[in-house]
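Notes follow once the structure below has been shown.
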Amino acid sequence: ITAAERLGLLDGARLMYSSDHAEAYGNHGIFGKNNLMEPSVRVPLLMSGPDVPTGHVVRQFASGVDLFPTLVEGGGARLGAADADIAGRSLFPAMNGHEDAGRIGFAEFHASASKTGGFMLRDGKDKLLYHVGMRPQLYDLAADPIEAHDRMELPDARAEADAQRLETQLRKICDPE
């Protein structure tokens, strides 16, 4: 930012800062990002500039796929016809008070240390971790923000229904198998 200021590039500029997934740093006994727990799937996204309210925190789920349409809109352009089916959408409406509270969070993992495809679906406070061929994991992040109590370890009817609802939503996005 200091260099951009010195070069006179900040006047009217929009800045976006994000990073790769976090490293977990010992949460759940894991060092690294090879998992779908909150310390690994949550990443920072900070923006500033024209049409970006100062100090405003957006609560809706956002994803890396939202960066392209956000950058296009931030640059004053529009998506083309070839972009009609992209999964992401601009975050400018959310930044300006039109958040999509019903938006779900989705992530997947298929790399090192993964025995099978891993999928995460988050709807509000409810979070499903789905690994093909394994028992799903279910967390209530309002009651258990550190994901210490998998509701599927001792499932009740409500946990079973919540897991099924989230798995149905997951299958609308992709076929995990």
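Each chain of the structure tokens is named A, B, ... in the order shown, its residues numbered from 1; ligands are numbered from 1 in display order.
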
>> Show me, as a PyMOL selection string, the residues that have an atom within 12 Å of segment 106-118 of chain A when counting only C-alpha atoms, minus same-chain residues fewer than 6 positions from it.
In response: chain A and resi 21+30+32-38+40-43+61-65+87-88+124+127-137+166-167+169-177

> Could you pull the residues within 7 Å of Gly105 of chain A, counting only C-alpha atoms, minus those fewer than 3 positions along the same chain, as a PyMOL selection string?
Replying inline: chain A and resi 61+121-123

>> Could you list, as a ChimeraX atom specification, every residue within 12 Å of Ala159 of chain A, counting only C-alpha atoms and ignoring same-chain residues fewer than 4 positions away?
In response: /A:126-128,136-140,149-155,163-166

>> Taking the DSSP secondary structure from the backbone, can you list the residues of segment 4-162 of chain A that are strand (DSSP E), as a ChimeraX atom specification?
In response: /A:15-18,45-48,105-109,118-123,126-131,137-140

Selected residues, C-alpha atoms, written as a PDB file, in the first residue's frame, please.
ATOM      1  CA  LEU A  15      -7.817  -3.176  -3.209  1.00  0.00           C
ATOM      2  CA  MET A  16      -8.564  -6.818  -2.450  1.00  0.00           C
ATOM      3  CA  TYR A  17      -6.537  -8.951  -0.044  1.00  0.00           C
ATOM      4  CA  SER A  18      -7.016 -12.664   0.441  1.00  0.00           C
ATOM      5  CA  LEU A  45     -10.972 -11.435   2.303  1.00  0.00           C
ATOM      6  CA  LEU A  46     -10.509  -7.708   2.812  1.00  0.00           C
ATOM      7  CA  MET A  47     -11.488  -5.000   0.359  1.00  0.00           C
ATOM      8  CA  SER A  48     -11.226  -1.234   0.240  1.00  0.00           C
ATOM      9  CA  GLY A 105     -20.745 -22.531   1.900  1.00  0.00           C
ATOM     10  CA  PHE A 106     -19.097 -25.292  -0.111  1.00  0.00           C
ATOM     11  CA  ALA A 107     -15.578 -26.687  -0.311  1.00  0.00           C
ATOM     12  CA  GLU A 108     -13.960 -29.885  -1.497  1.00  0.00           C
ATOM     13  CA  PHE A 109     -10.617 -31.581  -0.982  1.00  0.00           C
ATOM     14  CA  GLY A 118     -13.876 -34.837   0.941  1.00  0.00           C
ATOM     15  CA  PHE A 119     -16.703 -32.314   0.781  1.00  0.00           C
ATOM     16  CA  MET A 120     -17.905 -29.585   3.133  1.00  0.00           C
ATOM     17  CA  LEU A 121     -21.303 -27.971   3.001  1.00  0.00           C
ATOM     18  CA  ARG A 122     -22.306 -25.235   5.408  1.00  0.00           C
ATOM     19  CA  ASP A 123     -25.825 -23.857   5.726  1.00  0.00           C
ATOM     20  CA  ASP A 126     -24.989 -26.417  10.330  1.00  0.00           C
ATOM     21  CA  LYS A 127     -21.905 -27.956   8.744  1.00  0.00           C
ATOM     22  CA  LEU A 128     -21.595 -31.334   7.039  1.00  0.00           C
ATOM     23  CA  LEU A 129     -18.290 -33.034   6.276  1.00  0.00           C
ATOM     24  CA  TYR A 130     -18.825 -35.787   3.722  1.00  0.00           C
ATOM     25  CA  HIS A 131     -16.071 -38.235   2.788  1.00  0.00           C
ATOM     26  CA  GLN A 137     -19.631 -35.621  10.301  1.00  0.00           C
ATOM     27  CA  LEU A 138     -22.096 -32.949  11.404  1.00  0.00           C
ATOM     28  CA  TYR A 139     -21.428 -29.849  13.492  1.00  0.00           C
ATOM     29  CA  ASP A 140     -23.617 -27.115  14.958  1.00  0.00           C
TER      30      ASP A 140
END

> Running DSSP on the backbone, which parts of chain A land in helix (DSSP H, G or I), as a PyMOL selection string?
Replying inline: chain A and resi 2-6+27-29+38-41+64-74+81-83+92-95+157-173

> Within 12 Å of Gln60 of chain A, counting only C-alpha atoms, which residues qualify if same-chain residues fewer than 2 places away don't, as a list in words?
Replying inline: Val57, Val58, Ala62, Ser63, Asp66, Leu91, Phe92, Pro93, Ala94, Met95, Gly97, His98, Glu99, Asp100, Ala101, Gly102, Arg103, Ile104, Gly105, Arg122, Asp123, Gly124 and Lys125 of chain A

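Going from atom CA of Pro53 of chain A to atom CA of Gly76 of chain A covers 17.4 Å.
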